[in-house]
Structures are given as C-alpha cells and as structure tokens.
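Encoded as structure tokens, the structure appears first; notes follow it.
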Amino acid sequence: MDIYVILLLDVINGASSLFLICLGLAIIFGMMKIINLAHGEFIMLGAYATVISANNGVNIWIAMLVVAPLFVGLVGLVIERCLIRFLYGRLVDSMLATWGLSLLIIGIVTTIFGNTIQGVPTPLGGFSIGAYRSSYYTLFLLLMAVLMMAAIYVVMRYTRLGLIARATMQNPGMANTLGVNPSTVYMGTFAAGAAVTGLAGGLLAPVSGITPVMGGAYVAKAFITVVGGGAAILSGTLSSASLFGALNQVGAYLTTPVFGEVIVFTAAIILIRLLPQGISGRFFKGNL
Amino acid sequence: MILSRRRFLHQSVLASASLLAAPAVLRQGAFAADDPVLVGSLHDQSGALAASGVPMVYALNLAIDEINAAGGLLGRPLKVIHYDTQSNIQMYSQYAQQLALKDKVAVVHGGITSASREAVRPTFDRFKVLYFYNVLYEGGVCDRNTFCTGTTPAQTVEKLVPFAMGKSGKKAYIIAADYNYGQITAKWMTKYVKDNGGDVLSIDFFPLDVTNFGPTISKIQAAKPDLVLSALVGGNHTAFYRQWTSAGMKGQIPIASTTFGLVNEPSTLDAAESENILGAYGYFEELDTPASKSFVEKIKKAHPDTPYISELAAATYEGVYLWAEGVKKAGSLDRMAVIEALESGLSYEGPSGKVTLDKATHHTTRNAFLAEVKSTKWSVLESYPDVLPADTASVCDLVKNPRDVKQYVINL
C-alpha cells in the first residue's frame with residue numbers, strides 16, 4: 001500500500017518538474033513561435049545563479065525564487081533586444097541563432113566557473129510513509145507548479161497586460177493599429193518566458209548535478225512536452241507534462257530507467273500522429 | 001660590371017636553385033642532436049569531460065617539465081604536441097591521424113573514455129606509434145603497441161565489494177551508467193558480490209542524461225538491500241546522491257562507488273550528501289606519502305584552480321615517466337626497442353607508490369587504496385600493495401600472442 005503512495009509522489013514529482021521546465025518554453029514557443037534551442041541553457045543559468053548566490057551567503061529560498069528568475073529574465077531581455085527581435089517569423093533562422101546562442105552561453109559559463117559539478121544541498125528534509133521515505137521537496141515542487149499555473153492564468157485572463165499580450169499574439173497588425181507596440185510586447189513576453197525558465201532552473205538546482213552542459217538533458221524533453229501539449233500554454237503544457245511525467249516515472253519504476261525514457265518517446269510519437277495539433281488542439285481548443 | 005644576358009641568366013639560375021635548396025639544407029641542420037623529442041597528448045580540455053582531462057594535462061606537462069629540467073631524454077629535450085579533443089570522439093580520430101602522420105610524435109599519451117581509446121588505438125597500431133592509455137577502465141585491452149597504466153576492476157572493485165559487504169551486509173543493489181564502462185563494471189560487481197557469498201537484488205542502468213532518480217530510489221527502498229553499489233557517471237548522475245539524501249535515505253543504506261570522487265564530487269556535494277560513501281582507486285589526492293604530497297603540491301602551485309587530482313592525473317604522470325624510463329633503457333626512440341625495454345619488468349616510484357609494467361598484459365601492477373568520504377574529503381582506510389591486473393591477465397598473454405590487437409570482453 002505504502003509503495004503506491006510513494007509511486008504517486010514520484011509521479012507528482014516527475015509531472016511538476018516537467019511542467020516547470022516546459023512552462024517558459026511554452027510561453028516563448030506557444031506565443032511567439034520562436035524555437036528557443038537555448039532553453040536548456042536558460043535552465044542552466046538559473047541553476048548557476050542559485051548555486052553561486054547561495055554559496056555566497058544568500059538565503060537559499062531567495063536565491064531560488066528571486067535571484068534565479070530575475071537574473072535569467074534580464075539575460076532574456078538582453079538576448080531579445082540583441083538577437084531574437086530580428087528573427088520573428090523566421091523559424092529556421094531562429095533555431096540556428098538560438099542553437100549558436102546555447103553554445104555561446106555554455107562556453108561563457110565554462111570559462112567563468114570551470115567545467116566542474118556545482119551544487120547546493122536540498123532544503124527541507126524527508127518524511128516517511130510506512131517503510132518508505134520521501135522528500136518534502138517533492139511537495140514543494142508541486143506547490144510551485146500550482147502557484148505558477150495560477151499566476152499565469154490570472155495574469156493572462158484578468159489583467160490588461162495579459163489582454164494586450166494575447167491580442168498581439170493573435171493579430172500583431174491589428175494590435176498595432178489600436179496603439180499597442182508589438183515590439184515591446186514581444187520583448188516583455190520573451191523576458192517573462194526566460195524568467196520562468198530561470199525559476200525552473202533555480203528550483204531544480206538542489207536536486208541536480210549542475211554543470212555548464214546540463215541543459216542538454218532537459219531541452220529535448222521540454223520540446224516534446226510543449227509540442228505534445230499544443231498551442232494552449234497552460235492546459236496544453238499541464239496535460240502533456242502530467243501525461244509524460246507519469247509515463248516516465250511509472251515506466252522507470254516498473255521496468256528500467258532506459259525503458260522509462262523509451263516509453264515516453266514512443267508515447268510522444270503516437271500522440272503527435274493521432275493529435276498533430278497537440279493535446280490542447282483537440283480537447284482544450286480556445287483555452288489558455 | 002657589364003651584365004650580359006648570358007651571365008644574368010646564369011646567375012639567376014644559380015640564385016634560384018640555392019633559394020629552392022635552402023629549406024632542405026636548413027632542415028638537415030634542424031635534425032641535429034638537440035632537436036626536441038615530440039610527445040603527443042590527446043585529452044579533453046573542454047566539453048563534458050574537461051574536469052577529468054584538465055588535471056591530466058597538468059600532470060603530463062609537469063612530468064615533461066621535470067624530465068626536461070633533468071636534461072631531457074637521450075640528450076634531447078621533450079616537447080609536447082597537445083590537442084584538445086573537446087569531449088568529441090570525431091576529434092580523437094582526426095587528431096590521432098595528425099599526431100601520427102603530420103607531427104610524427106614518438107609516443108602518444110591520452111584518451112579518457114573507453115570509447116575514445118578504441119577510436120584512436122587502431123590508428124596508432126596502423127601507423128606504428130607507441131600509445132599510453134593512463135585511465136582506470138573495465139580491463140581487457142590486449143595490444144602490444146598499447147600500455148594501460150590505470151587500474152582495472154580486479155585491482156579496485158575486488159577490494160571495494162567485500163569491504164563494503166563486510167561493513168553492512170550481503171544483499172547488494174547495483175546502479176550503473178548505461179554504456180560499456182557501466183555495463184562491464186556492473187558485471188564485475190555482480191561477480192565479486194557472489195564470490196563473497198552475497199546476493200544481487202537488481203541491476204539498473206541509466207542513460208547519461210537521466211536526471212530524475214525518484215522511481216529508482218523508491219525501487220531501492222522496496223528491494224531493501226544492505227548496500228548500494230554505484231557506477232554512475234557524469235554531472236547529471238550526481239543528482240542521484242542529492243535526491244538520495246533529500247529522501248532521507250542517507251545513513252539508512254550505505255553506498256560504495258567505483259566512480260564517485262573521480263572528478264570532484266566530494267568537494268562540491270554537501271557534506272551530508274557525500275559522507276561515508278566508499279570508493280577504491282589507484283590513487284587519492286589525500287594520500288599521505290612524501291611522493292604524493294610533493295606531486296599534489298607541485299600541480300597546485302602551478303595551477304591553483306586545478307580540480308581534484310585523482311588516479312587519472314597520477315597515472316598520466318606515472319605513464320610519462322614509465323615511457324621515459326623505457327626510452328632511457330632502450331637508448332633510442334625506436335618503437336620496438338622501447339616496447340622491449342618497457343616489457344623488461346620496468347618500474348617507477350610515482351605518487352601512488354611503485355608501478356610495475358607487466359610484460360604479458362601491458363597493464364600495471366600497482367597499489368590500490370580504499371577510502372571513505374569524511375567531511376567532503378577522502379580518508380584513506382586501507383591500502384593494498386602491488387595488486388596484479390588479474391582480470392586482463394586471465395584473457396591476455398602478449399608473450400604467447402604478440403600480434404594480438406583486440407579488447408577482450410571478460411566473460412564472468
């Protein structure tokens with residue numbers, strides 16, 4: 001019996017970390033159709049920001065929840081102004097440019113911090129369920145995923161900012177004639193997506209091995225999840241993150257970690273075949 | 001002077017002929033006795049393996065500088081031709097050809113992963129360039145042109161497993177990286193667990209990009225082993241030790257590892273996460289002998305920011321010296337003469353103690369050490385003097401089959 005509770009916690013852990021990883025990408029890809037291949041490096045920058053500031057005496061919670069998103073948000077802003085803004089509507093070019101960008105970021109971080117593993121200890125302790133033990137951090141990740149979801153929903157649905165952003169994404173020309181500057185909106189959206197990604201990096205920092213090349217482990221899964229989720233940022237990412245996260249964790253538990261990954265990728269191929277527009281293209285049409 | 005047409009032609013022909021000949025004539029002079037002996041180096045200084053490769057290059061350069069300060073080899077100085085292989089197997093193949101054909105080096109030290117070694121070894125066989133592989137690995141390479149100076153499982157895993165089982169119990173759970181090193185090491189672990197009367201409950205393999213170990217940790221808890229044996233590799237896999245600790249499993253089930261601490265895991269993980277993990281290697285930076293201390297001091301003095309100095313760096317340093325001893329004994333740089341000198345039971349007192357080359361396997365008989373992490377540093381518990389490369393010796397005999405060039409997979 002206890003093992004099912006533990007397994008449920010594993011699934012929650014898998015789904016909520018996947019959701020956090022993908023959210024920033026979903027914002028950037030879903031709203032602006034920019035394929036950001038440097039997404040993994042944004043996660044890495046968030047993790048580094050957390051580790052470096054925590055190891056220099058900043059409170060670990062502030063380092064994770066404030067420093068990481070602020071820093072990566074700023075980096076995103078600079079990158080948008082210097083690089084991305086010339087590439088809207090040029091899908092292939094944006095892929096090439098962001099891929100180069102990812103190599104550049106890896107190179108810079110390696111030069112500054114060296115190619116060694118960094119880390120901070122995991123805050124919060126563990127608790128036991130029967131004979132098994134799990135970590136409170138799992139529940140904290142779930143809490144953060146729910147909070148992020150709520151925050152984005154409220155901003156997009158009920159604020160003027162969200163309305164402008166949605167309008168610009170739907171029809172930039174019309175928004176422009178109504179007095180909105182699309183360039184500013186794009187800039188803000190990209191920075192926000194980067195900040196959310198940085199937050200995910202910060203939240204993952206205490207449970208990962210942090211190296212300049214860690215982004216590579218996340219970027220493929222993040223893309224699969226976002227594409228599988230479809231156009232709707234929240235409902236799409238949430239449903240596909242839950243689906244793939246659960247499949248991965250349960251698959252890894254019942255078979256081996258290798259098959260856990262294989263099952264996810266197979267499921268993604270079948271899903272895209274059956275629902276080319278992603279989950280939200282079929283079931284949550286018109287939702288956020 | 002009146003320059004007739006004939007005279008002008010005559011002189012210009014002479015002038016251009018001597019200009020054309022000049023490089024060849026000068027080159028002849030350049031092959032004089034003080035021309036440097038070229039030593040090739042193929043190590044990853046960037047990319048995923050840089051943290052392993054960088055200290056190896058420091059150790060190699062240190063050995064070369066010391067030999068040069070002592071007058072060089074055969075009265076000639078040594079010069080390193082180094083290529084950064086960027087953690088990329090393609091670069092290994094390309095630079096191996098370059099070292100063999102363009103630079104024409106006397107010897108190559110290098111290669112980190114088993115994959116990189118197997119990429120370059122045939123090249124050096126074909127072009128007859130002596131090759132040293134100075135890394136601990138899964139054992140079994142049998143090639144007269146290649147010398148492997150690092151430890152193999154019979155030298156380390158064989159000590160680690162019974163020690164860990166004696167401390168905690170007989171039921172082991174094995175987790176390993178999913179490529180040839182992890183697969184083969186897991187086999188060795190299984191063998192030694194069974195040899196010592198224990199049981200292996202399960203073996204799990206992980207691709208190098210796995211970052212979430214939640215399900216595995218649950219599985220391990222469900223299996224209730226006395227001991228976890230880990231051959232996890234790389235930055236992503238250090239997440240296991242974090243998640244293990246955050247689930248509160250640290251202190252519940254002990255961990256012994258054949259890879260932990262090869263880079264700098266003890267110093268970057270939190271003390272609570274690494275405490276009491278057991279490891280066994282051919283060298284530890286914390287080793288308390290004068291030779292080891294002066295080796296560490298010299299590298300740290302030259303490069304204060306150097307990562308952990310592990311067996312990889314120590315074996316590279318010892319590998320260069322073993323080669324130098326071989327050249328001295330042979331009295332020439334001729335490849336066969338040097339190989340025969342190296343096969344004569346040559347040994348060198350390095351930072352890890354006495355290292356002796358074994359004629360039949362081209363591996364080394366060397367000391368092994370067992371250590372436990374205590375407050376982010378290794379504390380050496382046991383040392384085992386002069387351990388033989390028994391695993392490779394069971395399949396490889398270069399005295400009988402000198403033309404052998406393959407890596408045996410040792411059947412267990």
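Going by the structure tokens order, chains are called A, B, ..., each with residues numbered from 1, while ligands are numbered from 1 in the order shown.
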
For this session: Find the residues around Ala49 in chain A up to 8 Å (only C-alpha atoms counted), leave out those fewer than 6 positions away in its own chain, and share them as an MDAnalysis selection string.
Result: chainID A and resid 63 67:68 71 202

Next, the residues of the selection above should be written as a short mmCIF file (atom, residue, chain, number, x, y, z; two decimals), in the first residue's frame with all heavy atoms.
```
data_model
loop_
_atom_site.label_atom_id
_atom_site.label_comp_id
_atom_site.auth_asym_id
_atom_site.auth_seq_id
_atom_site.Cartn_x
_atom_site.Cartn_y
_atom_site.Cartn_z
N ALA A 63 17.59 32.87 -3.16
CA ALA A 63 18.40 32.54 -4.32
C ALA A 63 17.57 31.82 -5.38
O ALA A 63 17.67 32.10 -6.56
CB ALA A 63 19.60 31.67 -3.90
N VAL A 67 16.50 35.48 -7.07
CA VAL A 67 17.72 35.75 -7.85
C VAL A 67 17.67 35.05 -9.21
O VAL A 67 17.90 35.67 -10.24
CB VAL A 67 18.98 35.29 -7.07
CG1 VAL A 67 20.22 35.50 -7.93
CG2 VAL A 67 19.10 36.05 -5.77
N ALA A 68 17.32 33.75 -9.20
CA ALA A 68 17.36 32.99 -10.46
C ALA A 68 16.42 33.57 -11.52
O ALA A 68 16.87 33.88 -12.63
CB ALA A 68 17.06 31.52 -10.19
N PHE A 71 17.63 37.16 -12.67
CA PHE A 71 18.85 37.14 -13.47
C PHE A 71 18.57 36.63 -14.88
O PHE A 71 18.93 37.26 -15.87
CB PHE A 71 19.91 36.27 -12.78
CG PHE A 71 21.14 36.05 -13.62
CD1 PHE A 71 22.01 37.09 -13.86
CD2 PHE A 71 21.40 34.81 -14.17
CE1 PHE A 71 23.14 36.90 -14.64
CE2 PHE A 71 22.53 34.61 -14.95
CZ PHE A 71 23.39 35.67 -15.19
N GLY A 202 16.37 27.33 -11.04
CA GLY A 202 16.63 27.54 -9.61
C GLY A 202 16.01 26.45 -8.77
O GLY A 202 16.63 25.92 -7.84
#
```

Problem set entry | helix (DSSP H, G or I) residues, from DSSP on the backbone, in range 38-165 of chain B, as a ChimeraX atom specification | /B:50-69,89-103,114-126,153-165

May I have the selected residues written with C-alpha atoms, as a PDB file, in the first residue's frame?
```pdb
ATOM      1  CA  ALA B  50      37.060  18.614 -19.236  1.00  0.00           C
ATOM      2  CA  ALA B  51      37.101  18.273 -15.451  1.00  0.00           C
ATOM      3  CA  SER B  52      38.847  14.920 -15.919  1.00  0.00           C
ATOM      4  CA  GLY B  53      41.083  15.982 -18.799  1.00  0.00           C
ATOM      5  CA  VAL B  54      42.431  19.259 -17.401  1.00  0.00           C
ATOM      6  CA  PRO B  55      44.307  17.750 -14.390  1.00  0.00           C
ATOM      7  CA  MET B  56      45.650  15.019 -16.691  1.00  0.00           C
ATOM      8  CA  VAL B  57      47.222  17.636 -18.953  1.00  0.00           C
ATOM      9  CA  TYR B  58      48.671  19.435 -15.898  1.00  0.00           C
ATOM     10  CA  ALA B  59      50.211  16.145 -14.733  1.00  0.00           C
ATOM     11  CA  LEU B  60      51.579  15.371 -18.192  1.00  0.00           C
ATOM     12  CA  ASN B  61      53.170  18.803 -18.527  1.00  0.00           C
ATOM     13  CA  LEU B  62      54.624  18.535 -15.028  1.00  0.00           C
ATOM     14  CA  ALA B  63      56.306  15.231 -15.846  1.00  0.00           C
ATOM     15  CA  ILE B  64      57.668  16.587 -19.145  1.00  0.00           C
ATOM     16  CA  ASP B  65      58.992  19.772 -17.482  1.00  0.00           C
ATOM     17  CA  GLU B  66      60.713  17.719 -14.793  1.00  0.00           C
ATOM     18  CA  ILE B  67      62.330  15.419 -17.326  1.00  0.00           C
ATOM     19  CA  ASN B  68      63.495  18.441 -19.330  1.00  0.00           C
ATOM     20  CA  ALA B  69      64.894  20.114 -16.208  1.00  0.00           C
ATOM     21  CA  ILE B  89      35.179  11.152 -30.484  1.00  0.00           C
ATOM     22  CA  GLN B  90      35.468  12.568 -34.007  1.00  0.00           C
ATOM     23  CA  MET B  91      38.193  14.925 -32.804  1.00  0.00           C
ATOM     24  CA  TYR B  92      40.050  11.953 -31.358  1.00  0.00           C
ATOM     25  CA  SER B  93      40.170  10.177 -34.709  1.00  0.00           C
ATOM     26  CA  GLN B  94      41.199  13.334 -36.543  1.00  0.00           C
ATOM     27  CA  TYR B  95      43.936  14.416 -34.123  1.00  0.00           C
ATOM     28  CA  ALA B  96      45.256  10.853 -33.793  1.00  0.00           C
ATOM     29  CA  GLN B  97      45.933  10.828 -37.540  1.00  0.00           C
ATOM     30  CA  GLN B  98      47.503  14.261 -37.301  1.00  0.00           C
ATOM     31  CA  LEU B  99      49.839  13.182 -34.471  1.00  0.00           C
ATOM     32  CA  ALA B 100      50.842  10.028 -36.327  1.00  0.00           C
ATOM     33  CA  LEU B 101      51.257  11.390 -39.854  1.00  0.00           C
ATOM     34  CA  LYS B 102      51.924  15.117 -39.647  1.00  0.00           C
ATOM     35  CA  ASP B 103      53.620  15.631 -36.293  1.00  0.00           C
ATOM     36  CA  SER B 114      36.940   3.686 -23.315  1.00  0.00           C
ATOM     37  CA  ALA B 115      35.165   4.853 -26.455  1.00  0.00           C
ATOM     38  CA  SER B 116      37.882   7.402 -27.185  1.00  0.00           C
ATOM     39  CA  ARG B 117      40.617   4.831 -26.583  1.00  0.00           C
ATOM     40  CA  GLU B 118      39.033   2.412 -29.035  1.00  0.00           C
ATOM     41  CA  ALA B 119      38.735   5.229 -31.572  1.00  0.00           C
ATOM     42  CA  VAL B 120      42.449   6.012 -31.597  1.00  0.00           C
ATOM     43  CA  ARG B 121      44.101   2.671 -30.758  1.00  0.00           C
ATOM     44  CA  PRO B 122      43.751   1.196 -34.292  1.00  0.00           C
ATOM     45  CA  THR B 123      45.217   4.387 -35.790  1.00  0.00           C
ATOM     46  CA  PHE B 124      48.336   4.153 -33.632  1.00  0.00           C
ATOM     47  CA  ASP B 125      48.591   0.420 -34.393  1.00  0.00           C
ATOM     48  CA  ARG B 126      48.409   1.061 -38.118  1.00  0.00           C
ATOM     49  CA  PRO B 153      38.258  -3.915 -11.788  1.00  0.00           C
ATOM     50  CA  ALA B 154      40.354  -6.754 -10.368  1.00  0.00           C
ATOM     51  CA  GLN B 155      42.505  -4.137  -8.688  1.00  0.00           C
ATOM     52  CA  THR B 156      39.772  -1.939  -7.198  1.00  0.00           C
ATOM     53  CA  VAL B 157      36.267  -3.429  -7.371  1.00  0.00           C
ATOM     54  CA  GLU B 158      37.625  -6.683  -5.972  1.00  0.00           C
ATOM     55  CA  LYS B 159      38.713  -4.825  -2.816  1.00  0.00           C
ATOM     56  CA  LEU B 160      35.758  -2.479  -2.595  1.00  0.00           C
ATOM     57  CA  VAL B 161      32.918  -5.003  -2.726  1.00  0.00           C
ATOM     58  CA  PRO B 162      33.993  -7.350   0.110  1.00  0.00           C
ATOM     59  CA  PHE B 163      34.956  -4.401   2.303  1.00  0.00           C
ATOM     60  CA  ALA B 164      31.565  -2.736   1.843  1.00  0.00           C
ATOM     61  CA  MET B 165      29.726  -6.044   2.308  1.00  0.00           C
TER      62      MET B 165
END
```

Exercise. Hey, what's within 12 Å of Val185 in chain A if we count only C-alpha atoms and toss same-chain stuff fewer than 4 positions away? As a PyMOL selection string, please?
Worked result: chain A and resi 28+31-32+77+80+85+161-169+172+175-176+179-181+189-192

Can you check which parts of chain B lie within 7 Å of chain A? Per residue, the shortest pair of atoms and distance in Å to one decimal, counting only C-alpha atoms, sorted by chain and number, as a tab-separated table.
```
residue	atom	partner	partner_atom	distance
B:Ala48	CA	A:Val213	CA	6.7
B:Ala50	CA	A:Asn115	CA	6.0
B:Ala51	CA	A:Asn115	CA	5.5
B:Asp204	CA	A:Thr256	CA	6.3
B:Phe205	CA	A:Pro257	CA	6.8
B:Phe206	CA	A:Pro257	CA	5.8
B:Pro207	CA	A:Val258	CA	6.4
B:Asp209	CA	A:Ala217	CA	4.9
B:Thr211	CA	A:Ser208	CA	6.6
B:Gly214	CA	A:Asp10	CA	5.7
B:Pro215	CA	A:Tyr253	CA	5.0
B:Thr216	CA	A:Tyr253	CA	6.5
B:Ser218	CA	A:Ile6	CA	6.9
B:Lys219	CA	A:Tyr253	CA	6.5
B:Gln221	CA	A:Tyr132	CA	6.3
B:Gly235	CA	A:Gly209	CA	5.0
B:Asn236	CA	A:Gly209	CA	5.1
B:His237	CA	A:Gly209	CA	6.7
B:Thr238	CA	A:Gly209	CA	5.0
B:Ala239	CA	A:Ser208	CA	4.1
B:Arg242	CA	A:Val207	CA	5.5
B:Gln243	CA	A:Val207	CA	5.7
B:Ser246	CA	A:Ser135	CA	5.5
B:Ala247	CA	A:Ser135	CA	4.2
B:Gly248	CA	A:Gly126	CA	4.9
B:Met249	CA	A:Arg133	CA	7.0
B:Thr268	CA	A:Gln118	CA	5.5
B:Leu269	CA	A:Gly119	CA	6.0
B:Asp270	CA	A:Pro121	CA	5.5
```

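Considering only C-alpha atoms, the residue among A:Ala246, A:Ser102, A:Gly228, A:Gly236 positioned nearest to Leu271 in chain A is A:Gly228.
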
For this session: Run DSSP on the backbone and give me the residues of range 37-279 of chain A it puts in strand (DSSP E), as a VMD selection string.
Result: chain A and resid 126 to 129 132 to 135

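In terms of minimum interatomic distance to Ile253 in chain B, B:Gly169 ranks closest within B:Gly326, B:Gly169, B:Gly198, B:Gly234, counting only C-alpha atoms.
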
For this session: Rank nothing, just name the residue among B:Ala70, B:Val263, B:Ala371, B:Val409 nearest to Cys396 in chain B, using only C-alpha atoms.
Result: B:Val409

Exercise. Quick one: residues within 7 Å of Thr392 in chain B, only C-alpha atoms counted, chain neighbours fewer than 5 positions away excluded, as a ChimeraX atom specification?
Worked result: /B:139-140,361

Export of prior selection with C-alpha atoms as a JSON list (two decimals), in the first residue's frame:
```json
[["chain", "number", "residue", "atom", "x", "y", "z"],
["B", 139, "GLY", "CA", 40.08, -4.11, -18.46],
["B", 140, "GLY", "CA", 40.77, -6.49, -21.33],
["B", 361, "THR", "CA", 49.31, -7.79, -20.47]]
```

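For the atom pair formed by CA of Ile233 in chain A and CA of Gly278 in chain A, the distance is 11.3 Å, given to one decimal.
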
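Interatomic distance, CA of Ser375 in chain B to CA of Ala315 in chain B: 25.9 Å.
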
Problem set entry | Exercise: Ser41 in chain B partners within 6 Å, only C-alpha atoms, chain neighbours under 2 positions left out, as a PyMOL selection string | chain B and resi 82+108-110

Would you write out those residues with all heavy atoms, as an mmCIF file, in the first residue's frame?
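Once everything was written out, this is out-v8.cif:
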```cif
data_model
loop_
_atom_site.group_PDB
_atom_site.id
_atom_site.type_symbol
_atom_site.label_atom_id
_atom_site.label_comp_id
_atom_site.auth_asym_id
_atom_site.auth_seq_id
_atom_site.Cartn_x
_atom_site.Cartn_y
_atom_site.Cartn_z
ATOM 1 N N HIS B 82 50.098 19.064 -28.029
ATOM 2 C CA HIS B 82 48.816 18.788 -27.378
ATOM 3 C C HIS B 82 47.631 19.174 -28.262
ATOM 4 O O HIS B 82 47.643 20.219 -28.890
ATOM 5 C CB HIS B 82 48.734 19.551 -26.064
ATOM 6 C CG HIS B 82 47.394 19.454 -25.429
ATOM 7 N ND1 HIS B 82 46.964 18.307 -24.801
ATOM 8 C CD2 HIS B 82 46.357 20.321 -25.365
ATOM 9 C CE1 HIS B 82 45.735 18.486 -24.384
ATOM 10 N NE2 HIS B 82 45.342 19.692 -24.714
ATOM 11 N N VAL B 108 52.258 8.671 -27.822
ATOM 12 C CA VAL B 108 51.051 9.449 -27.532
ATOM 13 C C VAL B 108 50.515 9.003 -26.176
ATOM 14 O O VAL B 108 50.381 7.808 -25.913
ATOM 15 C CB VAL B 108 49.964 9.240 -28.601
ATOM 16 C CG1 VAL B 108 48.686 9.955 -28.195
ATOM 17 C CG2 VAL B 108 50.431 9.726 -29.950
ATOM 18 N N HIS B 109 50.256 9.976 -25.315
ATOM 19 C CA HIS B 109 49.539 9.706 -24.074
ATOM 20 C C HIS B 109 48.161 10.321 -24.228
ATOM 21 O O HIS B 109 48.040 11.460 -24.636
ATOM 22 C CB HIS B 109 50.248 10.363 -22.882
ATOM 23 C CG HIS B 109 51.551 9.718 -22.552
ATOM 24 N ND1 HIS B 109 51.672 8.773 -21.572
ATOM 25 C CD2 HIS B 109 52.789 9.866 -23.086
ATOM 26 C CE1 HIS B 109 52.932 8.365 -21.514
ATOM 27 N NE2 HIS B 109 53.625 9.014 -22.421
ATOM 28 N N GLY B 110 47.103 9.564 -23.876
ATOM 29 C CA GLY B 110 45.809 10.216 -23.960
ATOM 30 C C GLY B 110 44.655 9.261 -24.060
ATOM 31 O O GLY B 110 44.802 8.039 -23.963
#
```

For this session: Would you list the contacts of Lys329 in chain B as a PyMOL selection string, taking every protein, DNA or RNA residue within 8 Å and counting only C-alpha atoms, but skipping same-chain residues closer than 4 positions in sequence?
Result: chain B and resi 325+338+341

Exercise. What's the 8 Å shell around Ala26 in chain A, counting only C-alpha atoms, without same-chain residues fewer than 6 positions away, as a ChimeraX atom specification?
Worked result: /A:193,226,233,237
